[in-house]
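S.K.: Submitted below is the structure of interest, expressed as C-alpha coordinates.
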Amino acid sequence: IFSSLTAAPGAMAASPLRARRAPGLRTPWAIMAVLVAGRAWTGPLGQLERKVLPSSVPQSSRRNFALVFPVLATASAASAEDVVKTPSGTLRALSGLATAVLKPIYQIEAPLQAGSYDQAAVRERIQRDVKGSPVVIYSYSLSPFCSQAKEFLDSLGAKYTEIVLGPEWLPGLLDDEGAAVRAELGKMTGQTSMPHIFIGGQSVGGLFSGTPGLVPLQEAGE
(Lines give C-alpha, C1' and ligand atoms only; values in the text may rest on other atoms or scores of the structure.)
Protein backbone atom coordinates (compact mmCIF):
# COMPACT_ATOMS: atom_id res chain seq x y z
CA ILE A 1 0.00 0.00 0.00
CA PHE A 2 2.71 2.45 1.02
CA SER A 3 4.80 1.90 -2.11
CA SER A 4 1.97 3.14 -4.29
CA LEU A 5 1.31 6.22 -2.17
CA THR A 6 4.75 7.50 -1.33
CA ALA A 7 7.34 9.57 -3.06
CA ALA A 8 11.06 9.49 -2.41
CA PRO A 9 11.58 10.44 1.26
CA GLY A 10 13.26 13.76 1.89
CA ALA A 11 16.04 13.97 4.38
CA MET A 12 17.88 10.80 5.29
CA ALA A 13 20.21 10.10 8.17
CA ALA A 14 23.51 8.33 7.58
CA SER A 15 25.17 5.99 10.05
CA PRO A 16 27.92 7.58 12.17
CA LEU A 17 31.14 7.84 10.15
CA ARG A 18 34.42 6.71 11.66
CA ALA A 19 37.36 8.05 9.68
CA ARG A 20 40.85 6.68 10.24
CA ARG A 21 43.76 9.09 10.33
CA ALA A 22 46.08 8.99 7.35
CA PRO A 23 49.42 10.77 6.96
CA GLY A 24 48.75 14.45 6.50
CA LEU A 25 44.99 13.95 6.63
CA ARG A 26 43.02 14.95 9.72
CA THR A 27 39.83 13.18 10.72
CA PRO A 28 37.53 16.20 10.17
CA TRP A 29 38.80 16.51 6.61
CA ALA A 30 38.20 12.81 6.02
CA ILE A 31 34.63 13.21 7.19
CA MET A 32 34.29 16.26 4.99
CA ALA A 33 35.55 14.26 2.03
CA VAL A 34 32.92 11.57 2.56
CA LEU A 35 30.15 14.12 2.83
CA VAL A 36 31.26 16.13 -0.19
CA ALA A 37 31.72 13.05 -2.35
CA GLY A 38 28.39 11.83 -1.10
CA ARG A 39 26.81 14.92 -2.59
CA ALA A 40 28.07 13.94 -6.03
CA TRP A 41 27.21 10.26 -5.68
CA THR A 42 23.99 10.33 -3.67
CA GLY A 43 21.42 13.10 -3.50
CA PRO A 44 20.30 12.54 0.12
CA LEU A 45 23.85 12.82 1.46
CA GLY A 46 24.13 16.14 -0.32
CA GLN A 47 21.52 17.49 2.07
CA LEU A 48 23.57 16.25 5.02
CA GLU A 49 26.72 17.83 3.56
CA ARG A 50 25.07 21.22 3.26
CA LYS A 51 24.16 21.09 6.96
CA VAL A 52 27.59 19.93 8.20
CA LEU A 53 30.18 21.65 5.98
CA PRO A 54 30.98 25.29 6.71
CA SER A 55 29.86 27.65 3.99
CA SER A 56 33.42 29.02 3.90
CA VAL A 57 34.81 25.82 2.33
CA PRO A 58 35.71 26.74 -1.28
CA GLN A 59 33.80 25.04 -4.07
CA SER A 60 37.09 23.91 -5.61
CA SER A 61 37.98 22.04 -2.42
CA ARG A 62 34.58 20.38 -2.42
CA ARG A 63 35.11 19.17 -5.99
CA ASN A 64 38.65 17.94 -5.24
CA PHE A 65 37.51 15.91 -2.28
CA ALA A 66 34.66 14.47 -4.32
CA LEU A 67 37.18 13.26 -6.91
CA VAL A 68 39.72 11.92 -4.43
CA PHE A 69 37.34 9.95 -2.26
CA PRO A 70 34.70 8.30 -4.50
CA VAL A 71 35.23 4.92 -2.84
CA LEU A 72 34.54 6.34 0.60
CA ALA A 73 31.47 8.07 -0.74
CA THR A 74 30.17 4.85 -2.27
CA ALA A 75 30.67 2.99 1.00
CA SER A 76 28.92 5.72 2.90
CA ALA A 77 26.05 5.73 0.44
CA ALA A 78 25.67 1.97 0.75
CA SER A 79 25.24 2.34 4.52
CA ALA A 80 22.68 5.14 4.25
CA GLU A 81 19.18 3.68 4.40
CA ASP A 82 15.83 5.35 4.09
CA VAL A 83 15.10 6.23 7.69
CA VAL A 84 11.56 5.64 8.89
CA LYS A 85 10.79 7.71 11.95
CA THR A 86 9.48 4.98 14.25
CA PRO A 87 6.97 6.33 16.75
CA SER A 88 7.76 6.28 20.45
CA GLY A 89 7.68 2.91 22.19
CA THR A 90 6.26 4.65 25.25
CA LEU A 91 3.36 5.97 23.19
CA ARG A 92 2.81 2.50 21.81
CA ALA A 93 2.49 1.08 25.31
CA LEU A 94 0.16 3.91 26.32
CA SER A 95 -1.89 3.33 23.19
CA GLY A 96 -2.56 -0.26 24.19
CA LEU A 97 -3.67 0.84 27.64
CA ALA A 98 -5.80 3.65 26.28
CA THR A 99 -7.48 1.38 23.75
CA ALA A 100 -8.45 -1.11 26.46
CA VAL A 101 -9.61 1.47 29.00
CA LEU A 102 -10.89 4.44 27.01
CA LYS A 103 -12.43 2.93 23.89
CA PRO A 104 -15.68 1.89 25.64
CA ILE A 105 -15.88 5.35 27.23
CA TYR A 106 -15.27 7.11 23.90
CA GLN A 107 -18.02 5.11 22.21
CA ILE A 108 -20.52 6.39 24.78
CA GLU A 109 -19.13 9.91 25.13
CA ALA A 110 -18.64 10.79 21.44
CA PRO A 111 -22.31 10.72 20.38
CA LEU A 112 -23.35 12.48 23.59
CA GLN A 113 -20.87 15.28 22.93
CA ALA A 114 -21.96 15.58 19.29
CA GLY A 115 -25.64 15.79 20.18
CA SER A 116 -28.06 16.17 17.29
CA TYR A 117 -26.55 16.69 13.82
CA ASP A 118 -27.30 15.92 10.19
CA GLN A 119 -25.90 12.40 10.02
CA ALA A 120 -26.40 11.98 6.28
CA ALA A 121 -24.62 15.25 5.48
CA VAL A 122 -21.69 14.54 7.81
CA ARG A 123 -21.28 11.01 6.48
CA GLU A 124 -21.37 12.27 2.90
CA ARG A 125 -18.68 14.80 3.74
CA ILE A 126 -16.46 12.15 5.33
CA GLN A 127 -16.83 9.84 2.35
CA ARG A 128 -15.97 12.69 0.00
CA ASP A 129 -12.93 13.70 2.04
CA VAL A 130 -11.42 10.22 2.40
CA LYS A 131 -11.76 9.58 -1.32
CA GLY A 132 -10.28 12.93 -2.25
CA SER A 133 -6.69 12.12 -1.24
CA PRO A 134 -4.55 8.93 -1.26
CA VAL A 135 -4.04 9.29 2.50
CA VAL A 136 -6.27 11.22 4.89
CA ILE A 137 -5.58 11.69 8.59
CA TYR A 138 -8.17 13.01 11.02
CA SER A 139 -6.34 14.54 13.95
CA TYR A 140 -6.27 16.69 17.08
CA SER A 141 -3.78 19.55 17.10
CA LEU A 142 -2.58 18.85 20.67
CA SER A 143 -2.38 15.06 20.50
CA PRO A 144 1.12 13.50 20.64
CA PHE A 145 -0.29 10.42 18.88
CA CYS A 146 -1.43 12.59 15.98
CA SER A 147 1.89 14.43 15.85
CA GLN A 148 3.81 11.17 15.69
CA ALA A 149 1.47 9.74 13.08
CA LYS A 150 2.19 12.73 10.84
CA GLU A 151 5.94 12.43 11.45
CA PHE A 152 5.71 8.74 10.59
CA LEU A 153 3.88 9.48 7.34
CA ASP A 154 6.37 12.22 6.53
CA SER A 155 9.28 9.82 7.03
CA LEU A 156 7.62 7.40 4.62
CA GLY A 157 7.28 10.15 2.06
CA ALA A 158 3.51 9.81 2.05
CA LYS A 159 1.38 12.55 0.57
CA TYR A 160 -1.57 13.06 2.88
CA THR A 161 -4.37 15.44 3.72
CA GLU A 162 -4.85 16.36 7.38
CA ILE A 163 -8.27 17.23 8.74
CA VAL A 164 -8.01 18.75 12.21
CA LEU A 165 -11.14 18.24 14.30
CA GLY A 166 -9.96 20.45 17.16
CA PRO A 167 -7.29 20.64 19.88
CA GLU A 168 -8.47 17.47 21.70
CA TRP A 169 -11.58 15.38 22.35
CA LEU A 170 -12.39 16.95 25.72
CA PRO A 171 -15.71 18.80 25.92
CA GLY A 172 -15.18 22.46 25.18
CA LEU A 173 -12.20 21.79 22.91
CA LEU A 174 -14.21 20.37 20.02
CA ASP A 175 -16.64 22.57 18.16
CA ASP A 176 -19.95 21.20 16.91
CA GLU A 177 -18.56 20.29 13.51
CA GLY A 178 -15.56 18.43 14.89
CA ALA A 179 -17.69 16.56 17.42
CA ALA A 180 -20.15 15.53 14.69
CA VAL A 181 -17.38 14.19 12.43
CA ARG A 182 -15.86 12.28 15.33
CA ALA A 183 -19.20 10.72 16.26
CA GLU A 184 -19.96 9.77 12.67
CA LEU A 185 -16.52 8.22 12.22
CA GLY A 186 -17.36 6.11 15.26
CA LYS A 187 -20.61 4.94 13.66
CA MET A 188 -18.88 4.19 10.36
CA THR A 189 -15.78 2.41 11.67
CA GLY A 190 -16.16 1.84 15.40
CA GLN A 191 -13.25 4.20 16.12
CA THR A 192 -13.71 7.58 17.81
CA SER A 193 -10.08 8.17 18.80
CA MET A 194 -7.59 10.17 16.77
CA PRO A 195 -5.52 9.94 14.73
CA HIS A 196 -7.77 8.13 12.30
CA ILE A 197 -6.08 7.32 9.02
CA PHE A 198 -7.66 6.39 5.71
CA ILE A 199 -5.62 4.97 2.83
CA GLY A 200 -7.23 4.65 -0.56
CA GLY A 201 -10.57 5.56 0.98
CA GLN A 202 -10.36 2.71 3.51
CA SER A 203 -9.90 3.10 7.25
CA VAL A 204 -6.68 1.56 8.60
CA GLY A 205 -7.31 2.81 12.13
CA GLY A 206 -4.97 4.84 14.30
CA LEU A 207 -1.24 4.98 14.82
CA PHE A 208 -0.79 1.66 16.58
CA SER A 209 -4.18 -0.03 16.53
CA GLY A 210 -7.25 -0.38 14.37
CA THR A 211 -7.54 -2.28 11.11
CA PRO A 212 -4.68 -2.92 11.72
CA GLY A 213 -3.21 0.53 12.48
CA LEU A 214 -0.62 2.59 10.62
CA VAL A 215 2.53 1.20 12.25
CA PRO A 216 1.42 -2.46 12.15
CA LEU A 217 0.52 -1.99 8.49
CA GLN A 218 4.01 -0.72 7.69
CA GLU A 219 5.66 -3.40 9.82
CA ALA A 220 3.80 -6.04 7.83
CA GLY A 221 5.28 -4.59 4.67
CA GLU A 222 1.93 -3.60 3.20
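Following the order of the C-alpha coordinates, first chain is A, next is B, and so on, with residues numbered from 1 inside each chain and ligands from 1 in the order they appear.
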For Met188 of chain A, work out the shell of residues within 12 Å, counting only C-alpha atoms and skipping chain neighbours fewer than 5 positions away, then give it as a list in words.
M.R.: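 Residues near the query, excluding close chain neighbours: Gln107, Gln119, Ala120, Val122, Arg123, Glu124, Ile126, Gln127, Val181, Arg182, Ala183, His196, Gln202, Ser203 and Gly205 of chain A.
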S.K.: Only all heavy atoms, please: the residues just picked out, written as a short mmCIF file (atom, residue, chain, number, x, y, z; two decimals), in the first residue's frame.
M.R.:
```cif
data_model
loop_
_atom_site.label_atom_id
_atom_site.label_comp_id
_atom_site.auth_asym_id
_atom_site.auth_seq_id
_atom_site.Cartn_x
_atom_site.Cartn_y
_atom_site.Cartn_z
N GLN A 107 -16.86 5.52 23.02
CA GLN A 107 -18.02 5.11 22.21
C GLN A 107 -19.32 5.63 22.81
O GLN A 107 -20.30 5.86 22.09
CB GLN A 107 -18.05 3.58 22.09
CG GLN A 107 -16.95 3.04 21.19
CD GLN A 107 -16.95 1.53 21.12
OE1 GLN A 107 -17.39 0.84 22.04
NE2 GLN A 107 -16.44 0.98 20.02
N GLN A 119 -26.76 13.55 10.21
CA GLN A 119 -25.90 12.40 10.02
C GLN A 119 -25.59 12.13 8.56
O GLN A 119 -24.45 11.81 8.19
CB GLN A 119 -26.53 11.16 10.67
CG GLN A 119 -26.69 11.29 12.19
CD GLN A 119 -27.26 10.01 12.80
OE1 GLN A 119 -27.25 8.95 12.18
NE2 GLN A 119 -27.76 10.13 14.02
N ALA A 120 -26.60 12.25 7.71
CA ALA A 120 -26.40 11.98 6.28
C ALA A 120 -25.40 12.96 5.67
O ALA A 120 -24.52 12.57 4.89
CB ALA A 120 -27.73 12.04 5.54
N VAL A 122 -23.03 14.73 7.25
CA VAL A 122 -21.69 14.54 7.81
C VAL A 122 -21.05 13.30 7.21
O VAL A 122 -19.86 13.31 6.85
CB VAL A 122 -21.75 14.44 9.35
CG1 VAL A 122 -20.39 14.06 9.92
CG2 VAL A 122 -22.23 15.75 9.95
N ARG A 123 -21.84 12.23 7.07
CA ARG A 123 -21.28 11.01 6.48
C ARG A 123 -20.88 11.24 5.02
O ARG A 123 -19.82 10.75 4.58
CB ARG A 123 -22.28 9.86 6.57
CG ARG A 123 -21.77 8.57 5.94
CD ARG A 123 -22.61 7.38 6.33
NE ARG A 123 -22.58 7.12 7.76
CZ ARG A 123 -22.72 5.91 8.30
NH1 ARG A 123 -22.91 4.85 7.53
NH2 ARG A 123 -22.69 5.77 9.61
N GLU A 124 -21.69 11.98 4.30
CA GLU A 124 -21.37 12.27 2.90
C GLU A 124 -20.07 13.07 2.81
O GLU A 124 -19.23 12.82 1.94
CB GLU A 124 -22.51 13.05 2.26
CG GLU A 124 -22.27 13.39 0.79
CD GLU A 124 -23.41 14.19 0.19
OE1 GLU A 124 -24.43 14.41 0.89
OE2 GLU A 124 -23.29 14.60 -0.99
N ILE A 126 -17.58 13.04 5.00
CA ILE A 126 -16.46 12.15 5.33
C ILE A 126 -16.10 11.29 4.13
O ILE A 126 -14.91 11.14 3.78
CB ILE A 126 -16.81 11.27 6.55
CG1 ILE A 126 -16.91 12.12 7.81
CG2 ILE A 126 -15.76 10.17 6.74
CD1 ILE A 126 -17.44 11.39 9.03
N GLN A 127 -17.09 10.71 3.50
CA GLN A 127 -16.83 9.84 2.35
C GLN A 127 -16.16 10.62 1.22
O GLN A 127 -15.27 10.09 0.53
CB GLN A 127 -18.13 9.20 1.88
CG GLN A 127 -18.70 8.19 2.88
CD GLN A 127 -20.08 7.68 2.50
OE1 GLN A 127 -20.82 8.36 1.77
NE2 GLN A 127 -20.45 6.51 2.99
N VAL A 181 -18.23 15.05 13.27
CA VAL A 181 -17.38 14.19 12.43
C VAL A 181 -16.84 13.04 13.25
O VAL A 181 -16.82 11.89 12.81
CB VAL A 181 -16.24 15.01 11.80
CG1 VAL A 181 -15.23 14.08 11.11
CG2 VAL A 181 -16.78 16.01 10.80
N ARG A 182 -16.38 13.33 14.46
CA ARG A 182 -15.86 12.28 15.33
C ARG A 182 -16.92 11.22 15.62
O ARG A 182 -16.66 10.02 15.54
CB ARG A 182 -15.37 12.91 16.63
CG ARG A 182 -14.87 11.89 17.66
CD ARG A 182 -14.46 12.59 18.94
NE ARG A 182 -14.05 11.65 19.95
CZ ARG A 182 -14.49 11.65 21.21
NH1 ARG A 182 -15.38 12.56 21.59
NH2 ARG A 182 -14.07 10.76 22.08
N ALA A 183 -18.13 11.67 15.95
CA ALA A 183 -19.20 10.72 16.26
C ALA A 183 -19.56 9.88 15.04
O ALA A 183 -19.78 8.67 15.16
CB ALA A 183 -20.42 11.48 16.77
N HIS A 196 -7.03 9.12 13.07
CA HIS A 196 -7.77 8.13 12.30
C HIS A 196 -7.33 8.28 10.86
O HIS A 196 -7.53 9.33 10.25
CB HIS A 196 -9.28 8.35 12.44
CG HIS A 196 -10.09 7.19 12.00
ND1 HIS A 196 -11.34 6.92 12.49
CD2 HIS A 196 -9.84 6.20 11.10
CE1 HIS A 196 -11.82 5.83 11.92
NE2 HIS A 196 -10.92 5.38 11.06
N GLN A 202 -10.05 3.73 2.51
CA GLN A 202 -10.36 2.71 3.51
C GLN A 202 -9.70 3.04 4.85
O GLN A 202 -8.55 3.45 4.90
CB GLN A 202 -9.88 1.33 3.04
CG GLN A 202 -10.50 0.87 1.73
CD GLN A 202 -12.01 0.68 1.83
OE1 GLN A 202 -12.50 0.12 2.82
NE2 GLN A 202 -12.73 1.13 0.83
N SER A 203 -10.45 2.84 5.92
CA SER A 203 -9.90 3.10 7.25
C SER A 203 -8.86 2.04 7.61
O SER A 203 -9.09 0.84 7.44
CB SER A 203 -11.02 3.07 8.30
OG SER A 203 -10.47 3.08 9.62
N GLY A 205 -7.33 2.63 10.69
CA GLY A 205 -7.31 2.81 12.13
C GLY A 205 -6.41 3.95 12.56
O GLY A 205 -6.25 4.94 11.84
#
```
S.K.: Figure out the distance between atom CA of Leu165 of chain A and atom CA of Tyr140 of chain A, please, to one decimal in Å.
M.R.: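 Rounded to one decimal, the two atoms are 5.8 Å apart.
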S.K.: Counting only C-alpha atoms, figure out which residue out of A:Thr90, A:Ser116, A:Ser143, A:Thr99 gets nearest to Gly210 of chain A.
M.R.: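 So, comparing all the options, the nearest one is A:Thr99.
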S.K.: Excluding Leu91 of chain A and residues on its chain fewer than 2 positions from it, collect all residues at most 10 Å away from it, counting only C-alpha atoms, and give them as a VMD selection string.
M.R.: chain A and resid 87 to 89 93 to 98 144 to 145 148 207 to 208
S.K.: Using only C-alpha atoms, find the one residue out of A:Pro111, A:Gly213, A:Gly221, A:Gly201 that sits nearest to Asp129 of chain A.
M.R.: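 Closest to Asp129 of chain A, using only C-alpha atoms: A:Gly201.
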S.K.: So that I can check the surroundings of Gly178 of chain A, please list as a ChimeraX atom specification every protein, DNA and RNA residue that reaches within 10 Å of it, counting only C-alpha atoms and ignoring chain neighbours fewer than 5 positions away.
M.R.: /A:114,138,140,163-169,173,183-184
